[in-house]
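As stored in data-v7.txt (compact mmCIF, C-alpha atoms):
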# COMPACT_ATOMS: atom_id res chain seq x y z
CA MET H 1 15.20 163.87 -71.53
CA LYS H 2 18.19 161.50 -71.63
CA LYS H 3 20.47 164.33 -70.49
CA LEU H 4 18.08 165.34 -67.72
CA VAL H 5 18.19 161.97 -65.90
CA PRO H 6 21.95 162.05 -65.03
CA ILE H 7 21.62 165.68 -63.87
CA LEU H 8 18.68 164.72 -61.65
CA CYS H 9 20.60 161.71 -60.30
CA ILE H 10 23.67 163.83 -59.43
CA LEU H 11 21.56 166.51 -57.73
CA ALA H 12 19.58 163.83 -55.84
CA ALA H 13 22.78 162.08 -54.70
CA PHE H 14 24.22 165.38 -53.47
CA GLY H 15 20.98 166.29 -51.68
CA ILE H 16 20.67 162.84 -50.08
CA ALA H 17 24.32 162.97 -48.91
CA VAL H 18 23.82 166.40 -47.32
CA SER H 19 20.52 165.36 -45.74
CA LEU H 20 22.17 162.20 -44.33
CA TYR H 21 24.83 164.39 -42.74
CA GLU H 22 22.13 166.71 -41.35
CA ILE H 23 20.06 163.79 -40.05
CA PHE H 24 22.88 161.98 -38.26
CA PHE H 25 25.18 164.83 -37.20
CA VAL H 26 23.05 167.97 -36.85
CA THR H 27 19.49 167.12 -35.81
CA PRO H 28 19.05 166.28 -32.13
CA ILE H 29 17.62 163.06 -30.73
CA GLU H 30 13.89 163.38 -30.06
CA VAL H 31 13.38 163.51 -26.28
CA ASN H 32 10.05 164.09 -24.62
CA ILE H 33 10.09 165.82 -21.22
CA ASP H 34 6.90 165.61 -19.16
CA SER H 35 5.27 168.43 -17.16
CA ASN H 36 7.33 167.49 -14.06
CA GLY H 37 10.56 167.97 -15.98
CA ARG H 38 11.20 164.21 -16.06
CA LEU H 39 12.31 162.27 -19.12
CA ASN H 40 9.37 160.49 -20.76
CA MET H 41 10.51 157.01 -21.78
CA SER H 42 7.96 156.99 -24.61
CA SER H 43 10.30 159.44 -26.38
CA LEU H 44 11.27 158.36 -29.89
CA PHE H 45 15.00 158.95 -29.25
CA PHE H 46 17.30 157.80 -32.05
CA ASN H 47 14.67 155.95 -34.12
CA TYR H 48 13.22 159.37 -34.98
CA LYS H 49 15.91 159.42 -37.68
CA ILE H 50 13.83 156.89 -39.69
CA MET H 51 11.10 159.53 -40.08
CA PHE H 52 13.18 161.75 -42.41
CA PHE H 53 13.26 159.21 -45.26
CA HIS H 54 10.09 157.29 -44.39
CA VAL H 55 7.86 160.38 -44.66
CA ALA H 56 9.76 161.71 -47.72
CA HIS H 57 9.05 158.42 -49.53
CA ALA H 58 5.40 158.54 -48.42
CA PHE H 59 5.06 162.08 -49.86
CA TRP H 60 6.28 161.01 -53.30
CA LEU H 61 4.36 157.73 -53.14
CA PHE H 62 1.14 159.72 -52.79
CA CYS H 63 2.30 162.13 -55.49
CA ALA H 64 3.06 159.22 -57.87
CA VAL H 65 -0.36 157.67 -57.20
CA PHE H 66 -2.01 161.01 -58.03
CA VAL H 67 0.04 161.31 -61.24
CA ALA H 68 -0.99 157.76 -62.20
CA GLY H 69 -4.66 158.35 -61.37
CA ILE H 70 -4.94 161.63 -63.26
CA SER H 71 -2.99 160.28 -66.26
CA SER H 72 -5.22 157.20 -66.33
CA ALA H 73 -8.33 159.38 -66.28
CA PHE H 74 -6.95 161.33 -69.27
CA TYR H 75 -6.08 158.05 -71.01
CA ILE H 76 -9.61 156.70 -70.57
CA LYS H 77 -11.05 159.98 -71.86
CA THR H 78 -8.67 160.67 -74.78
CA GLN H 79 -7.27 157.19 -75.59
CA ASN H 80 -3.91 158.92 -76.06
CA VAL H 81 -1.21 156.35 -75.20
CA LYS H 82 1.07 159.14 -73.91
CA TRP H 83 -1.09 159.29 -70.75
CA ASP H 84 -1.04 155.52 -70.36
CA ASP H 85 2.78 155.53 -70.53
CA ILE H 86 2.97 158.21 -67.82
CA ALA H 87 0.53 156.30 -65.59
CA SER H 88 2.43 153.04 -66.03
CA ALA H 89 5.78 154.66 -65.18
CA ALA H 90 4.29 156.43 -62.14
CA VAL H 91 2.77 153.21 -60.80
CA ASP H 92 6.04 151.28 -61.19
CA VAL H 93 7.91 153.96 -59.23
CA SER H 94 5.15 154.12 -56.63
CA VAL H 95 5.40 150.34 -56.07
CA ALA H 96 9.10 150.82 -55.19
CA PHE H 97 8.40 153.87 -53.01
CA GLY H 98 5.49 152.06 -51.36
CA ALA H 99 7.73 149.11 -50.52
CA VAL H 100 10.18 151.52 -48.85
CA VAL H 101 7.36 153.20 -46.88
CA LEU H 102 5.97 149.87 -45.65
CA LEU H 103 9.37 148.37 -44.79
CA THR H 104 10.78 151.41 -42.99
CA GLY H 105 7.42 151.95 -41.27
CA SER H 106 7.39 148.35 -40.07
CA ILE H 107 10.93 148.65 -38.69
CA TRP H 108 10.01 151.93 -37.00
CA ALA H 109 6.93 150.24 -35.49
CA ARG H 110 9.17 147.51 -34.08
CA ALA H 111 11.45 150.12 -32.49
CA ALA H 112 8.67 152.37 -31.17
CA TRP H 113 5.84 149.96 -30.30
CA GLY H 114 7.66 146.63 -30.05
CA VAL H 115 5.67 145.03 -32.92
CA TRP H 116 6.49 144.68 -36.62
CA TRP H 117 2.94 145.41 -37.72
CA HIS H 118 -0.16 146.90 -36.14
CA TRP H 119 -3.53 146.53 -37.89
CA GLU H 120 -4.62 150.10 -37.33
CA PRO H 121 -6.50 152.08 -40.06
CA ARG H 122 -3.66 154.09 -41.62
CA LEU H 123 -1.22 151.18 -41.86
CA THR H 124 -3.87 148.80 -43.18
CA MET H 125 -5.01 151.28 -45.84
CA SER H 126 -1.39 151.94 -46.87
CA LEU H 127 -0.89 148.20 -47.35
CA LEU H 128 -4.13 147.97 -49.36
CA LEU H 129 -3.00 150.87 -51.59
CA TRP H 130 0.30 149.07 -52.24
CA ILE H 131 -1.60 145.85 -53.10
CA VAL H 132 -3.75 147.82 -55.58
CA LEU H 133 -0.56 149.21 -57.18
CA VAL H 134 0.97 145.73 -57.45
CA GLY H 135 -2.36 144.60 -58.93
CA TYR H 136 -2.05 147.35 -61.56
CA VAL H 137 1.39 146.04 -62.59
CA LEU H 138 0.12 142.45 -62.76
CA VAL H 139 -2.98 143.41 -64.76
CA ARG H 140 -0.85 145.31 -67.30
CA ARG H 141 1.44 142.33 -67.65
CA PHE H 142 -1.04 139.46 -67.79
CA ALA H 143 -4.52 140.80 -68.68
CA GLY H 144 -3.97 140.96 -72.42
CA PRO H 145 -5.14 143.70 -74.84
CA SER H 146 -7.81 145.17 -72.53
CA GLY H 147 -5.36 145.23 -69.60
CA ASP H 148 -4.49 148.90 -70.18
CA ARG H 149 -8.05 150.08 -69.53
CA ILE H 150 -8.58 147.79 -66.51
CA ALA H 151 -5.27 149.01 -65.07
CA ALA H 152 -6.31 152.64 -65.68
CA GLY H 153 -9.44 152.00 -63.60
CA MET H 154 -7.30 150.53 -60.82
CA ALA H 155 -5.01 153.59 -60.84
CA ILE H 156 -8.02 155.90 -60.40
CA PHE H 157 -9.27 153.65 -57.60
CA GLY H 158 -5.84 153.87 -55.90
CA MET H 159 -5.81 157.66 -56.21
CA ILE H 160 -9.17 157.92 -54.44
CA GLY H 161 -7.67 156.00 -51.49
CA VAL H 162 -4.83 158.49 -50.86
CA PRO H 163 -6.84 161.21 -49.05
CA PHE H 164 -8.27 158.52 -46.77
CA ILE H 165 -4.79 157.39 -45.77
CA TYR H 166 -3.31 160.86 -45.38
CA VAL H 167 -6.09 162.90 -43.80
CA LEU H 168 -9.47 161.28 -43.34
CA VAL H 169 -8.65 158.04 -41.54
CA GLY H 170 -8.04 158.39 -37.81
CA SER H 171 -5.07 156.61 -36.32
CA ASP H 172 -4.73 154.72 -33.03
CA SER H 173 -0.99 154.84 -32.73
CA HIS H 174 0.60 156.02 -35.99
CA PRO H 175 1.91 159.61 -35.73
CA ASN H 176 -0.64 162.06 -37.08
CA SER H 177 -0.37 163.51 -40.54
CA GLY H 178 -1.90 166.58 -42.16
CA ALA H 179 -2.19 170.05 -40.61
CA ASN H 180 -1.89 168.74 -37.03
CA GLY H 181 0.62 166.06 -37.90
CA VAL H 182 4.17 165.35 -36.86
CA VAL H 183 5.59 167.14 -39.92
CA ALA H 184 3.62 170.33 -39.28
CA LYS H 185 4.89 170.35 -35.67
CA LEU H 186 8.54 169.57 -36.41
CA PRO H 187 10.96 171.53 -34.21
CA PRO H 188 12.93 174.17 -36.17
CA GLU H 189 16.24 172.28 -35.85
CA MET H 190 14.73 169.28 -37.69
CA ARG H 191 12.89 171.15 -40.46
CA GLY H 192 15.94 171.84 -42.65
CA ALA H 193 17.03 168.18 -42.78
CA PHE H 194 13.46 167.01 -43.35
CA TRP H 195 12.64 169.33 -46.26
CA LEU H 196 16.06 168.75 -47.80
CA SER H 197 15.43 164.99 -47.80
CA VAL H 198 11.94 165.57 -49.28
CA ALA H 199 13.45 167.74 -52.07
CA SER H 200 16.25 165.21 -52.72
CA PHE H 201 13.78 162.35 -53.03
CA LEU H 202 11.67 164.45 -55.40
CA LEU H 203 14.72 164.61 -57.72
CA TRP H 204 15.30 160.87 -57.26
CA PHE H 205 11.61 160.20 -57.94
CA LEU H 206 11.73 162.29 -61.14
CA ALA H 207 14.92 160.54 -62.33
CA LEU H 208 13.31 157.10 -61.80
CA MET H 209 10.06 158.23 -63.37
CA LEU H 210 11.76 159.55 -66.53
CA THR H 211 13.89 156.40 -66.84
CA ARG H 212 10.84 154.18 -66.44
CA LEU H 213 8.90 156.34 -68.91
CA GLU H 214 11.62 155.73 -71.47
CA SER H 215 11.43 151.96 -71.03
CA THR H 216 7.59 152.09 -71.14
CA ARG H 217 7.86 153.78 -74.54
CA ALA H 218 10.39 151.16 -75.62
CA GLU H 219 7.91 148.44 -74.54
CA ARG H 220 5.22 150.05 -76.68
CA GLU H 221 7.61 150.27 -79.64
CA LEU H 222 8.45 146.60 -79.17
CA ARG H 223 4.74 145.65 -79.16
CA GLU H 224 4.23 147.57 -82.42
CA LEU H 225 7.29 145.94 -84.01
CA ARG H 226 6.00 142.50 -82.98
CA GLU H 227 2.62 143.22 -84.56
CA ARG H 228 4.35 144.27 -87.80
CA ALA H 229 6.57 141.20 -87.66
CA LEU H 230 3.47 138.99 -87.20
CA ASP H 231 1.77 140.68 -90.15
CA LEU H 232 4.84 140.09 -92.32
CA GLY H 233 5.20 136.52 -91.09
CA VAL H 234 8.63 137.16 -89.57
CA LEU H 235 7.55 135.82 -86.16
CA MET X 236 25.34 172.86 49.96
CA ASN X 237 25.08 169.99 47.59
CA LYS X 238 21.45 169.55 48.49
CA LEU X 239 20.84 173.23 47.75
CA VAL X 240 22.46 173.02 44.27
CA LEU X 241 20.48 169.85 43.46
CA ALA X 242 17.26 171.51 44.57
CA ALA X 243 18.04 174.58 42.39
CA ILE X 244 18.75 172.38 39.32
CA LEU X 245 15.55 170.42 39.86
CA MET X 246 13.56 173.63 40.21
CA PHE X 247 15.00 175.23 37.05
CA SER X 248 14.73 172.06 34.98
CA THR X 249 11.12 171.57 36.01
CA GLY X 250 10.46 175.17 35.05
CA ALA X 251 12.17 174.66 31.68
CA PHE X 252 10.09 171.52 30.95
CA ALA X 253 6.98 173.39 32.01
CA ASP X 254 7.88 176.26 29.62
CA GLY X 255 8.52 173.80 26.74
CA SER X 256 5.24 171.95 27.18
CA ASP X 257 3.19 175.14 27.39
CA ALA X 258 4.80 176.85 24.34
CA PRO X 259 2.77 176.66 21.06
CA ALA X 260 4.05 174.19 18.43
CA PRO X 261 6.18 176.00 15.81
CA THR X 262 4.57 176.46 12.37
CA PRO X 263 6.29 174.85 9.34
CA THR X 264 7.64 178.21 8.23
CA ALA X 265 9.12 178.75 11.66
CA LEU X 266 10.65 175.28 11.50
CA GLU X 267 12.01 176.07 8.11
CA GLN X 268 13.54 179.28 9.43
CA GLN X 269 14.96 177.44 12.43
CA CYS X 270 16.53 174.88 10.07
CA ARG X 271 17.99 177.60 7.86
CA ASP X 272 19.43 179.39 10.89
CA ALA X 273 20.94 176.14 12.14
CA LEU X 274 22.47 175.47 8.73
CA ASN X 275 23.85 179.00 8.46
CA THR X 276 25.46 178.88 11.89
CA ASP X 277 27.48 175.76 10.93
CA PRO X 278 29.09 176.08 7.49
CA ALA X 279 30.53 172.55 7.68
CA PHE X 280 27.08 171.03 8.32
CA LYS X 281 25.66 173.09 5.44
CA THR X 282 28.36 171.84 3.04
CA ALA X 283 27.85 168.23 4.17
CA ILE X 284 24.09 168.41 3.46
CA ALA X 285 24.65 170.09 0.06
CA ASN X 286 27.16 167.38 -0.90
CA LYS X 287 24.79 164.63 0.20
CA LEU X 288 21.91 166.09 -1.87
CA GLY X 289 24.23 166.64 -4.82
CA ILE X 290 25.29 162.99 -4.86
CA GLN X 291 21.68 161.78 -4.67
CA LEU X 292 20.67 164.02 -7.60
CA ASP X 293 23.57 162.75 -9.68
CA VAL X 294 22.53 159.13 -9.08
CA GLU X 295 18.98 159.93 -10.23
CA THR X 296 20.24 161.78 -13.31
CA LEU X 297 22.65 158.98 -14.06
CA LYS X 298 19.84 156.40 -13.93
CA VAL X 299 17.77 158.43 -16.41
CA HIS X 300 20.75 158.90 -18.70
CA GLN X 301 21.57 155.18 -18.59
CA ALA X 302 17.97 154.32 -19.48
CA ALA X 303 18.04 156.80 -22.38
CA ASP X 304 21.40 155.46 -23.51
CA ALA X 305 20.05 151.90 -23.57
CA GLN X 306 17.03 153.08 -25.53
CA VAL X 307 19.23 154.91 -28.04
CA LYS X 308 21.54 151.91 -28.44
CA MET X 309 18.58 149.59 -28.96
CA ASN X 310 17.19 151.90 -31.64
CA GLU X 311 20.47 152.18 -33.53
CA ARG X 312 19.87 148.68 -34.86
CA HIS X 313 16.41 149.60 -36.17
CA VAL X 314 17.65 152.79 -37.83
CA VAL X 315 20.36 150.73 -39.59
CA TYR X 316 17.74 148.14 -40.69
CA ALA X 317 15.42 150.88 -42.01
CA TYR X 318 18.12 152.65 -44.02
CA ALA X 319 19.45 149.31 -45.33
CA ALA X 320 15.93 148.30 -46.43
CA MET X 321 15.51 151.61 -48.24
CA TRP X 322 18.80 151.30 -50.15
CA ILE X 323 18.18 147.63 -50.99
CA VAL X 324 14.76 148.44 -52.50
CA ALA X 325 16.25 151.40 -54.42
CA ALA X 326 19.14 149.26 -55.71
CA LEU X 327 16.81 146.42 -56.76
CA PHE X 328 14.56 148.86 -58.61
CA VAL X 329 17.49 150.49 -60.43
CA ILE X 330 18.89 147.05 -61.39
CA PHE X 331 15.42 146.01 -62.62
CA LEU X 332 15.12 149.21 -64.70
CA PHE X 333 18.60 148.82 -66.18
CA MET X 334 18.17 145.13 -67.08
CA ARG X 335 14.69 145.71 -68.52
CA GLN X 336 15.94 148.58 -70.66
CA GLN X 337 18.91 146.56 -71.96
CA ALA X 338 16.66 143.59 -72.79
CA LEU X 339 14.20 145.88 -74.61
CA LYS X 340 16.99 147.53 -76.63
CA ARG X 341 18.34 144.11 -77.68
CA GLU X 342 14.91 142.81 -78.63
CA ILE X 343 13.99 145.97 -80.59
CA ALA X 344 17.32 145.86 -82.49
CA THR X 345 16.84 142.16 -83.38
CA LEU X 346 13.25 142.70 -84.55
CA ARG X 347 14.24 145.70 -86.65
CA LYS X 348 16.95 143.67 -88.35
CA ASP X 349 14.50 140.84 -89.02
CA LEU X 350 11.90 143.27 -90.38
CA GLU X 351 14.47 144.97 -92.63
CA ALA X 352 15.62 141.59 -93.90
CA ALA X 353 12.01 140.54 -94.57
CA ALA X 354 11.29 143.83 -96.39
CA LYS X 355 14.23 143.18 -98.75

Let me see the structure of the file written as structure tokens.
Amino acid sequence: MKKLVPILCILAAFGIAVSLYEIFFVTPIEVNIDSNGRLNMSSLFFNYKIMFFHVAHAFWLFCAVFVAGISSAFYIKTQNVKWDDIASAAVDVSVAFGAVVLLTGSIWARAAWGVWWHWEPRLTMSLLLWIVLVGYVLVRRFAGPSGDRIAAGMAIFGMIGVPFIYVLVGSDSHPNSGANGVVAKLPPEMRGAFWLSVASFLLWFLALMLTRLESTRAERELRELRERALDLGVL
Amino acid sequence: MNKLVLAAILMFSTGAFADGSDAPAPTPTALEQQCRDALNTDPAFKTAIANKLGIQLDVETLKVHQAADAQVKMNERHVVYAYAAMWIVAALFVIFLFMRQQALKREIATLRKDLEAAAK
């Protein structure tokens, strides 16, 4: 696993570099022409370039939340700490990815709508999901011995929220997602750059996840060593 | 003689006005055809009108392009902010992971030494 992380990082860096080139030098600026052949000034223009990384991060945020939720469910059922380690690593990575989604989304909102934040359903639910994930991290850190099980419950709760954000909740102004969403309707000249950035961030996500998994295992080892040290009166 | 010529002019002009007032008003298509014929008979007039229209179209196009250019320039800043935010979060997370892992390694090594010493 230690050898896999540098390989994933190199591949991700290469993919991100190529997708950056594609985004800024190959894909066109998004321009909306109305039925009279006139330029629609509600066109996204250059700020469309934010979408390529914003949506890629959102994809892997949702994926990480699902990994955490399913792992937590297995942990509650089997009490095998392997699942708890996976869930903890996935949540830590999803907090970072969630921060990127919220920040880039907010900046995009400022460019497109003229406001930094809009309390519409999809944005509000995304923020709530991120708060639940931060809550998971805090519970694990400060809730003591039973914190693992409480945090596992929170991860399952977060996972249930994802379909609401992605598909079920209607949106006033946020671009649509799902089968009729902006990704499904991407023009052919933008698809290559978009899916390349999604694939590159999958590699980056996996590299971060494996690294975090390693330190989660180290944390567990440290806890066990401390318990032994307490038993022997070393601490 | 002069009186005769004047009388003839008056008679013909009256007749012409009478013909003009009695004639049916031309339909828009007829007007259009008349305009086309007039344009085709005078190439210089035709060129002048084409040039005039061409200049007006360019001004309109230019206005739209300037508006789009301003929009694009305004958005450049936001795209830079968004990409900067993304890299800052990624860098902070990597630094956090690295520092946490180093601290854990140090602590585990110290505890192991202490435990080995206590076991002896």

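Using all atoms listed in the file, the shortest contact distance between chain X and any of H:Phe14, H:Trp130, H:Phe157, H:Phe201 is found at H:Phe201.
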
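If you look at CA of Leu186 in chain H and CA of Ala325 in chain X, they are 26.7 Å away from each other.
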
Within 8 Å of chain H: residues of chain X, using all atoms listed in the file, as a VMD selection string: chain X and resid 299 303 306 to 307 309 to 311 313 to 314 316 to 318 320 to 321 324 to 325 328 to 329 332 335 to 336 339 to 340 342 to 343 346 to 347 349 to 350 353

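Nearest residue to Ser146 in chain H, choosing from H:Phe25, H:Arg122, H:Glu189, H:Ile76 and counting all atoms listed in the file: H:Ile76.
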
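CA of Val132 in chain H sits 21.6 Å away from CA of Lys77 in chain H.
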
For Ser197 in chain H: contacts at 7 Å, only C-alpha atoms, fewer than 6 positions along chain excluded, given as a list in words: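 Counting only the stated atoms, we get Gly15, Ile16, Ser19, Phe52, Phe53 and Ala56 of chain H.
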
Between CA of Leu127 in chain H and CA of Phe74 in chain H - distance in Å to one decimal: 26.3 Å

Residue list as a PDB file with C-alpha atoms, in the coordinates of the input for point (-4.3, 147.9, -47.9), cut-off 12 Å, all atoms listed in the file:
ATOM      1  CA  GLY H  98       5.490 152.060 -51.360  1.00  0.00           C
ATOM      2  CA  LEU H 102       5.970 149.870 -45.650  1.00  0.00           C
ATOM      3  CA  TRP H 119      -3.530 146.530 -37.890  1.00  0.00           C
ATOM      4  CA  GLU H 120      -4.620 150.100 -37.330  1.00  0.00           C
ATOM      5  CA  PRO H 121      -6.500 152.080 -40.060  1.00  0.00           C
ATOM      6  CA  ARG H 122      -3.660 154.090 -41.620  1.00  0.00           C
ATOM      7  CA  LEU H 123      -1.220 151.180 -41.860  1.00  0.00           C
ATOM      8  CA  THR H 124      -3.870 148.800 -43.180  1.00  0.00           C
ATOM      9  CA  MET H 125      -5.010 151.280 -45.840  1.00  0.00           C
ATOM     10  CA  SER H 126      -1.390 151.940 -46.870  1.00  0.00           C
ATOM     11  CA  LEU H 127      -0.890 148.200 -47.350  1.00  0.00           C
ATOM     12  CA  LEU H 128      -4.130 147.970 -49.360  1.00  0.00           C
ATOM     13  CA  LEU H 129      -3.000 150.870 -51.590  1.00  0.00           C
ATOM     14  CA  TRP H 130       0.300 149.070 -52.240  1.00  0.00           C
ATOM     15  CA  ILE H 131      -1.600 145.850 -53.100  1.00  0.00           C
ATOM     16  CA  VAL H 132      -3.750 147.820 -55.580  1.00  0.00           C
ATOM     17  CA  LEU H 133      -0.560 149.210 -57.180  1.00  0.00           C
ATOM     18  CA  VAL H 134       0.970 145.730 -57.450  1.00  0.00           C
ATOM     19  CA  GLY H 135      -2.360 144.600 -58.930  1.00  0.00           C
ATOM     20  CA  GLY H 158      -5.840 153.870 -55.900  1.00  0.00           C
ATOM     21  CA  GLY H 161      -7.670 156.000 -51.490  1.00  0.00           C
ATOM     22  CA  VAL H 162      -4.830 158.490 -50.860  1.00  0.00           C
ATOM     23  CA  PHE H 164      -8.270 158.520 -46.770  1.00  0.00           C
ATOM     24  CA  ILE H 165      -4.790 157.390 -45.770  1.00  0.00           C
TER      25      ILE H 165
END

Of the listed residues H:Val198, H:Met209, H:Trp113, H:Asn32, that which approaches Ala12 in chain H most closely, counting only C-alpha atoms: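 With only C-alpha atoms as the atom set, the closest residue is H:Val198.
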
Using all atoms listed in the file: which of H:Ala184, H:Val139, H:Val91, H:Ala68 has the shortest distance to Ile156 in chain H: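 Going through H:Ala184, H:Val139, H:Val91, H:Ala68 one by one, the smallest distance to Ile156 in chain H is for H:Ala68.
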